[in-house]
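Data from structure-v6.cif: mmCIF, C-alpha atoms
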data_target
loop_
_atom_site.label_atom_id
_atom_site.label_comp_id
_atom_site.auth_asym_id
_atom_site.auth_seq_id
_atom_site.Cartn_x
_atom_site.Cartn_y
_atom_site.Cartn_z
CA MET H 1 0.00 0.00 0.00
CA GLY H 2 1.78 3.05 -1.23
CA GLY H 3 1.07 6.59 -0.18
CA THR H 4 2.36 9.70 1.43
CA PHE H 5 0.70 8.79 4.76
CA ASP H 6 0.93 12.40 5.88
CA PRO H 7 -0.44 11.34 8.35
CA ILE H 8 -1.66 7.74 8.25
CA HIS H 9 -5.28 7.41 9.40
CA PHE H 10 -8.06 4.90 9.98
CA GLY H 11 -9.16 5.07 6.33
CA HIS H 12 -5.75 3.66 5.32
CA LEU H 13 -5.90 0.95 7.97
CA VAL H 14 -9.46 -0.14 7.20
CA THR H 15 -8.65 -0.25 3.47
CA ALA H 16 -5.56 -2.38 4.11
CA GLU H 17 -7.50 -4.80 6.33
CA GLU H 18 -10.34 -5.08 3.80
CA ALA H 19 -7.88 -5.81 0.97
CA LEU H 20 -6.02 -8.33 3.14
CA VAL H 21 -9.22 -10.29 3.78
CA GLN H 22 -10.95 -9.95 0.39
CA PHE H 23 -7.86 -10.93 -1.61
CA ASN H 24 -6.45 -13.42 0.90
CA LEU H 25 -3.14 -11.57 1.00
CA ASN H 26 -0.17 -12.86 3.01
CA ARG H 27 0.44 -9.37 4.39
CA VAL H 28 0.09 -5.69 3.61
CA VAL H 29 3.28 -3.67 3.38
CA PHE H 30 2.78 0.05 3.94
CA MET H 31 5.21 1.94 1.73
CA PRO H 32 5.50 5.63 2.72
CA SER H 33 6.75 7.54 -0.30
CA GLY H 34 10.21 8.99 -0.09
CA ASN H 35 10.39 12.11 -2.23
CA PRO H 36 7.04 11.83 -4.06
CA ALA H 37 7.46 13.04 -7.63
CA ARG H 38 3.77 13.99 -7.85
CA LYS H 39 3.43 15.94 -4.58
CA THR H 40 5.01 19.16 -5.80
CA HIS H 41 1.97 21.32 -4.87
CA ARG H 42 2.76 21.24 -1.15
CA GLU H 43 5.58 20.51 1.25
CA VAL H 44 5.49 16.93 2.50
CA THR H 45 6.39 16.11 6.12
CA SER H 46 9.76 14.41 6.48
CA GLY H 47 9.90 10.76 5.48
CA GLU H 48 11.16 9.78 8.90
CA HIS H 49 8.09 11.24 10.66
CA ARG H 50 5.71 9.64 8.14
CA TYR H 51 7.49 6.29 8.46
CA LEU H 52 7.37 6.37 12.28
CA MET H 53 3.66 7.29 12.30
CA ALA H 54 2.97 4.32 9.99
CA VAL H 55 4.95 2.02 12.30
CA ILE H 56 3.02 3.30 15.33
CA ALA H 57 -0.36 2.91 13.59
CA THR H 58 0.28 -0.63 12.32
CA ALA H 59 2.20 -2.08 15.28
CA SER H 60 -0.74 -4.02 16.72
CA ASN H 61 -1.54 -5.89 13.49
CA PRO H 62 0.80 -8.82 12.73
CA ASP H 63 -0.41 -8.85 9.09
CA PHE H 64 0.86 -5.30 8.52
CA GLU H 65 4.44 -4.12 8.11
CA VAL H 66 6.04 -0.84 7.10
CA SER H 67 8.88 -0.57 4.60
CA ARG H 68 11.61 2.05 4.43
CA MET H 69 12.34 1.20 0.79
CA GLU H 70 11.11 4.50 -0.66
CA ILE H 71 12.07 6.63 2.35
CA ASP H 72 15.69 5.49 2.00
CA ARG H 73 15.84 5.85 -1.80
CA ALA H 74 17.62 8.99 -3.01
CA GLY H 75 15.94 11.25 -5.55
CA PRO H 76 12.31 11.37 -6.65
CA THR H 77 10.17 8.36 -5.73
CA TYR H 78 8.40 6.53 -8.57
CA THR H 79 5.99 3.65 -8.02
CA VAL H 80 7.35 1.75 -11.01
CA ASP H 81 10.83 1.62 -9.43
CA THR H 82 9.39 0.20 -6.22
CA LEU H 83 7.32 -2.38 -8.09
CA ARG H 84 10.34 -3.44 -10.15
CA THR H 85 12.34 -3.92 -6.96
CA LEU H 86 9.54 -5.89 -5.30
CA ARG H 87 9.15 -8.04 -8.41
CA SER H 88 12.89 -8.82 -8.41
CA ILE H 89 12.78 -9.71 -4.70
CA HIS H 90 9.67 -11.91 -4.86
CA GLY H 91 10.03 -13.32 -8.38
CA SER H 92 7.63 -13.65 -11.27
CA ARG H 93 5.41 -16.22 -9.54
CA ALA H 94 4.39 -13.94 -6.66
CA ASP H 95 1.09 -12.07 -6.93
CA LEU H 96 1.77 -8.41 -6.15
CA TYR H 97 -1.06 -5.99 -5.44
CA PHE H 98 -0.89 -2.22 -5.15
CA ILE H 99 -3.63 -0.79 -2.91
CA THR H 100 -4.82 2.74 -3.65
CA GLY H 101 -7.95 4.88 -3.75
CA ALA H 102 -10.30 4.58 -6.72
CA ASP H 103 -10.03 8.30 -7.40
CA ALA H 104 -6.24 8.00 -7.76
CA VAL H 105 -6.28 4.84 -9.86
CA TRP H 106 -7.37 6.71 -12.98
CA GLU H 107 -4.23 8.86 -12.81
CA ILE H 108 -1.94 5.84 -12.73
CA VAL H 109 -1.73 5.67 -16.52
CA THR H 110 0.02 9.06 -16.42
CA TRP H 111 2.71 7.85 -14.02
CA LYS H 112 6.27 7.10 -15.09
CA ASP H 113 6.50 3.92 -17.21
CA ALA H 114 2.85 3.11 -16.55
CA ASP H 115 2.79 0.63 -19.44
CA GLU H 116 4.88 -1.72 -17.26
CA PHE H 117 2.31 -1.89 -14.46
CA VAL H 118 0.22 -4.59 -16.12
CA ASP H 119 3.22 -6.95 -15.85
CA LEU H 120 4.20 -5.90 -12.34
CA CYS H 121 1.01 -5.91 -10.25
CA THR H 122 -2.74 -5.85 -9.92
CA PHE H 123 -4.23 -2.65 -8.51
CA ILE H 124 -6.79 -2.81 -5.73
CA ALA H 125 -8.84 0.38 -5.98
CA ALA H 126 -10.77 1.23 -2.84
CA THR H 127 -14.06 3.10 -3.17
CA ARG H 128 -16.29 4.72 -0.58
CA PRO H 129 -20.01 3.90 -0.27
CA GLY H 130 -22.02 5.73 -2.93
CA TYR H 131 -19.09 5.91 -5.36
CA ASP H 132 -20.54 5.47 -8.86
CA LEU H 133 -18.25 2.70 -10.04
CA ASP H 134 -20.19 2.06 -13.26
CA ALA H 135 -19.89 5.72 -14.30
CA ALA H 136 -16.20 5.74 -13.43
CA ARG H 137 -15.62 2.54 -15.41
CA SER H 138 -17.40 4.05 -18.41
CA GLU H 139 -15.52 7.34 -18.17
CA HIS H 140 -12.13 5.63 -17.76
CA ALA H 141 -12.56 2.61 -20.03
CA GLU H 142 -9.30 3.30 -21.89
CA GLN H 143 -7.27 3.37 -18.67
CA LEU H 144 -8.95 0.20 -17.42
CA ALA H 145 -7.89 -1.63 -20.56
CA ARG H 146 -4.23 -0.81 -19.78
CA LEU H 147 -4.20 -1.97 -16.14
CA LYS H 148 -5.28 -4.91 -14.00
CA ILE H 149 -7.67 -3.40 -11.45
CA GLU H 150 -9.89 -4.92 -8.77
CA PHE H 151 -12.32 -2.80 -6.75
CA ILE H 152 -13.35 -2.95 -3.10
CA GLU H 153 -15.78 -0.77 -1.15
CA VAL H 154 -14.48 0.63 2.12
CA PRO H 155 -16.74 2.62 4.45
CA ALA H 156 -14.03 4.66 6.22
CA LEU H 157 -12.61 6.42 3.16
CA ALA H 158 -14.26 9.76 3.95
CA ILE H 159 -11.28 10.39 6.27
CA SER H 160 -8.40 12.25 4.62
CA SER H 161 -4.86 13.19 5.57
CA THR H 162 -5.48 16.68 4.19
CA ASP H 163 -8.38 17.17 6.62
CA ILE H 164 -6.32 15.86 9.55
CA ARG H 165 -3.47 18.29 8.78
CA LEU H 166 -5.93 21.19 8.55
CA ARG H 167 -7.64 20.18 11.81
CA VAL H 168 -4.30 20.09 13.64
CA LYS H 169 -3.36 23.49 12.23
CA GLU H 170 -6.72 24.92 13.33
CA LYS H 171 -6.45 23.20 16.76
CA ARG H 172 -9.53 21.05 16.07
CA PRO H 173 -9.83 17.42 17.26
CA VAL H 174 -8.45 14.49 15.26
CA ARG H 175 -9.61 11.83 17.70
CA TYR H 176 -11.30 8.91 15.92
CA LEU H 177 -9.74 9.95 12.60
CA THR H 178 -6.34 8.45 13.37
CA SER H 179 -5.06 6.31 16.22
CA GLU H 180 -4.45 7.91 19.62
CA SER H 181 -0.78 6.97 19.34
CA VAL H 182 -0.41 8.75 15.98
CA ALA H 183 -2.30 11.78 17.33
CA ALA H 184 0.08 11.82 20.33
CA TYR H 185 3.09 11.61 17.98
CA ILE H 186 1.76 14.54 15.94
CA GLU H 187 1.32 16.55 19.13
CA LYS H 188 4.74 15.65 20.56
CA GLN H 189 6.56 16.43 17.31
CA LYS H 190 4.47 19.58 16.73
CA LEU H 191 3.59 18.47 13.20
CA TYR H 192 1.13 20.30 10.91
CA ARG H 193 0.94 23.46 13.04
CA GLU H 194 2.22 25.70 10.27
CA ALA H 195 0.66 26.27 6.85
CA TYR H 196 1.22 23.29 4.54
#
Whole structure given in C-alpha cells:
Amino acid sequence: MGGTFDPIHFGHLVTAEEALVQFNLNRVVFMPSGNPARKTHREVTSGEHRYLMAVIATASNPDFEVSRMEIDRAGPTYTVDTLRTLRSIHGSRADLYFITGADAVWEIVTWKDADEFVDLCTFIAATRPGYDLDAARSEHAEQLARLKIEFIEVPALAISSTDIRLRVKEKRPVRYLTSESVAAYIEKQKLYREAY
C-alpha cells in the first residue's frame, strides 16, 4: 500500500484490512513515499516522521508491516521503481497488489513507465459507499484496458490526511480519525501546526 501517509489514518488501515481479507493476501506492506514526484503542490512532512507514524499505527496488526524502501531511496520516488524492486525480490510467480484509492487509480496511466504496471502488479482500488463505479468505469474505459484493477468498497474512506493536517493546524480534534498513538506523535513532534 503506497502513499504519502501524511499522516496515516483509519481510512488507510481499514482499506488495508479489507484488501487483506478480500484478496487473501499474506500481508500488507505500507510503503510511505520517499520524495514523491507527484506531490510538488505542497511541502510533504519528512519521510522519517511519516514512516514512524505508519509504524506506530500498524504495530498491533501482525499482518501489517512498514517498509523504508522508498524513504531510504535517493531522488524522486516513482511507483514503477518500487514495483520493479519488489518483483525482483519476490520473483515472477508472486502475486503483487498495489492498494490505492479509486479516485487515484485513474491517474496511474500518467505515471512514469505506466505501461509496465500490467506486468508488475494488480491494482486494488478502494471506493467509498455511494461511489458510482459504473460511471467511473465508463468514463475511464481506456485506462482500465491498460491496467489490472480490482475494486473494493471501504466505508471509512471519507477520512483524509489533508483534513487531519488542517484540523491540527486549526487546533480542532483528530480523535477517531487516526489512532491515539499517531495523534500523540503529531502533538509531541508539533507536526502540521504551520501552513502546509
Please write as a tab-separated table (two decimals) with C-alpha atoms, in the coordinates of the input the full residue list that the PyMOL selection byres ((chain H and resi 152) around 10) yields on this file.
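Result written to expr-v5.tsv:
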chain	number	residue	atom	x	y	z
H	15	THR	CA	-8.65	-0.25	3.47
H	18	GLU	CA	-10.34	-5.08	3.80
H	19	ALA	CA	-7.88	-5.81	0.97
H	22	GLN	CA	-10.95	-9.95	0.39
H	23	PHE	CA	-7.86	-10.93	-1.61
H	99	ILE	CA	-3.63	-0.79	-2.91
H	101	GLY	CA	-7.95	4.88	-3.75
H	102	ALA	CA	-10.30	4.58	-6.72
H	124	ILE	CA	-6.79	-2.81	-5.73
H	125	ALA	CA	-8.84	0.38	-5.98
H	126	ALA	CA	-10.77	1.23	-2.84
H	127	THR	CA	-14.06	3.10	-3.17
H	128	ARG	CA	-16.29	4.72	-0.58
H	129	PRO	CA	-20.01	3.90	-0.27
H	150	GLU	CA	-9.89	-4.92	-8.77
H	151	PHE	CA	-12.32	-2.80	-6.75
H	153	GLU	CA	-15.78	-0.77	-1.15
H	154	VAL	CA	-14.48	0.63	2.12
H	155	PRO	CA	-16.74	2.62	4.45
Let me make sure I understand: among H:Glu48, H:Leu177, H:Arg68, H:Asp103, which one has the smallest atom-to-atom distance to Thr162 of chain H if we use only C-alpha atoms? H:Leu177
Pick out the closest residue to Ala37 of chain H from this set: H:Ser181, H:Thr4, H:Thr100, H:Thr122. Count only C-alpha atoms. H:Thr4
Given the file above and the PyMOL selection byres ((chain H and resi 51) around 9), which residues are selected, and can you give them as a VMD selection string? chain H and resid 5 31 to 33 46 to 50 52 to 56 66 to 68 71
Select, from H:Thr82, H:Ile8, H:Asp132, H:Glu187, the residue with the minimum atom-to-atom distance to Pro173 of chain H, counting all atoms listed in the file. H:Glu187
Residue by residue, what does the PyMOL selection byres ((chain H and resi 108) around 12) grab here? Present the result as a ChimeraX atom specification. /H:38,78-80,98-107,109-118,123,125,140,143-144,146-149
Neighbours of point (-0.4, -6.7, 7.4) within 8 Å, using all atoms listed in the file, written as a short mmCIF file (atom, residue, chain, number, x, y, z; two decimals) with C-alpha atoms, in the coordinates of the input:
data_model
loop_
_atom_site.label_atom_id
_atom_site.label_comp_id
_atom_site.auth_asym_id
_atom_site.auth_seq_id
_atom_site.Cartn_x
_atom_site.Cartn_y
_atom_site.Cartn_z
CA ALA H 16 -5.56 -2.38 4.11
CA GLU H 17 -7.50 -4.80 6.33
CA LEU H 20 -6.02 -8.33 3.14
CA ASN H 26 -0.17 -12.86 3.01
CA ARG H 27 0.44 -9.37 4.39
CA VAL H 28 0.09 -5.69 3.61
CA VAL H 29 3.28 -3.67 3.38
CA THR H 58 0.28 -0.63 12.32
CA ASN H 61 -1.54 -5.89 13.49
CA PRO H 62 0.80 -8.82 12.73
CA ASP H 63 -0.41 -8.85 9.09
CA PHE H 64 0.86 -5.30 8.52
CA GLU H 65 4.44 -4.12 8.11
#
Quick one: residues within 10 Å of (4.2, 16.8, 14.1) (file frame), counting all atoms listed in the file, please, as a PDB file with C-alpha atoms, keeping the file's coordinate frame.
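That gives us point_1.pdb:
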ATOM      1  CA  ASP H   6       0.930  12.400   5.880  1.00  0.00           C
ATOM      2  CA  PRO H   7      -0.440  11.340   8.350  1.00  0.00           C
ATOM      3  CA  THR H  45       6.390  16.110   6.120  1.00  0.00           C
ATOM      4  CA  SER H  46       9.760  14.410   6.480  1.00  0.00           C
ATOM      5  CA  HIS H  49       8.090  11.240  10.660  1.00  0.00           C
ATOM      6  CA  ARG H  50       5.710   9.640   8.140  1.00  0.00           C
ATOM      7  CA  MET H  53       3.660   7.290  12.300  1.00  0.00           C
ATOM      8  CA  ARG H 165      -3.470  18.290   8.780  1.00  0.00           C
ATOM      9  CA  VAL H 168      -4.300  20.090  13.640  1.00  0.00           C
ATOM     10  CA  VAL H 182      -0.410   8.750  15.980  1.00  0.00           C
ATOM     11  CA  ALA H 183      -2.300  11.780  17.330  1.00  0.00           C
ATOM     12  CA  ALA H 184       0.080  11.820  20.330  1.00  0.00           C
ATOM     13  CA  TYR H 185       3.090  11.610  17.980  1.00  0.00           C
ATOM     14  CA  ILE H 186       1.760  14.540  15.940  1.00  0.00           C
ATOM     15  CA  GLU H 187       1.320  16.550  19.130  1.00  0.00           C
ATOM     16  CA  LYS H 188       4.740  15.650  20.560  1.00  0.00           C
ATOM     17  CA  GLN H 189       6.560  16.430  17.310  1.00  0.00           C
ATOM     18  CA  LYS H 190       4.470  19.580  16.730  1.00  0.00           C
ATOM     19  CA  LEU H 191       3.590  18.470  13.200  1.00  0.00           C
ATOM     20  CA  TYR H 192       1.130  20.300  10.910  1.00  0.00           C
ATOM     21  CA  ARG H 193       0.940  23.460  13.040  1.00  0.00           C
ATOM     22  CA  GLU H 194       2.220  25.700  10.270  1.00  0.00           C
TER      23      GLU H 194
END
Atom CA of Arg172 of chain H to atom CA of Val14 of chain H measures 23.0 Å
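In this structure, atom CA of Phe30 of chain H sits 18.2 Å away from atom CA of Pro76 of chain H.
Computed from the coordinates, the atom CA of Ala145 of chain H to atom CA of Leu120 of chain H distance equals 15.2 Å.
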As AutoDock Vina command-line options: centre and edge lengths in Å, one decimal, of the axis-aligned box holding segment 126-142 of chain H with 6 Å per side:
--center_x -15.7 --center_y 4.3 --center_z -11.1 --size_x 24.7 --size_y 18.1 --size_z 33.6
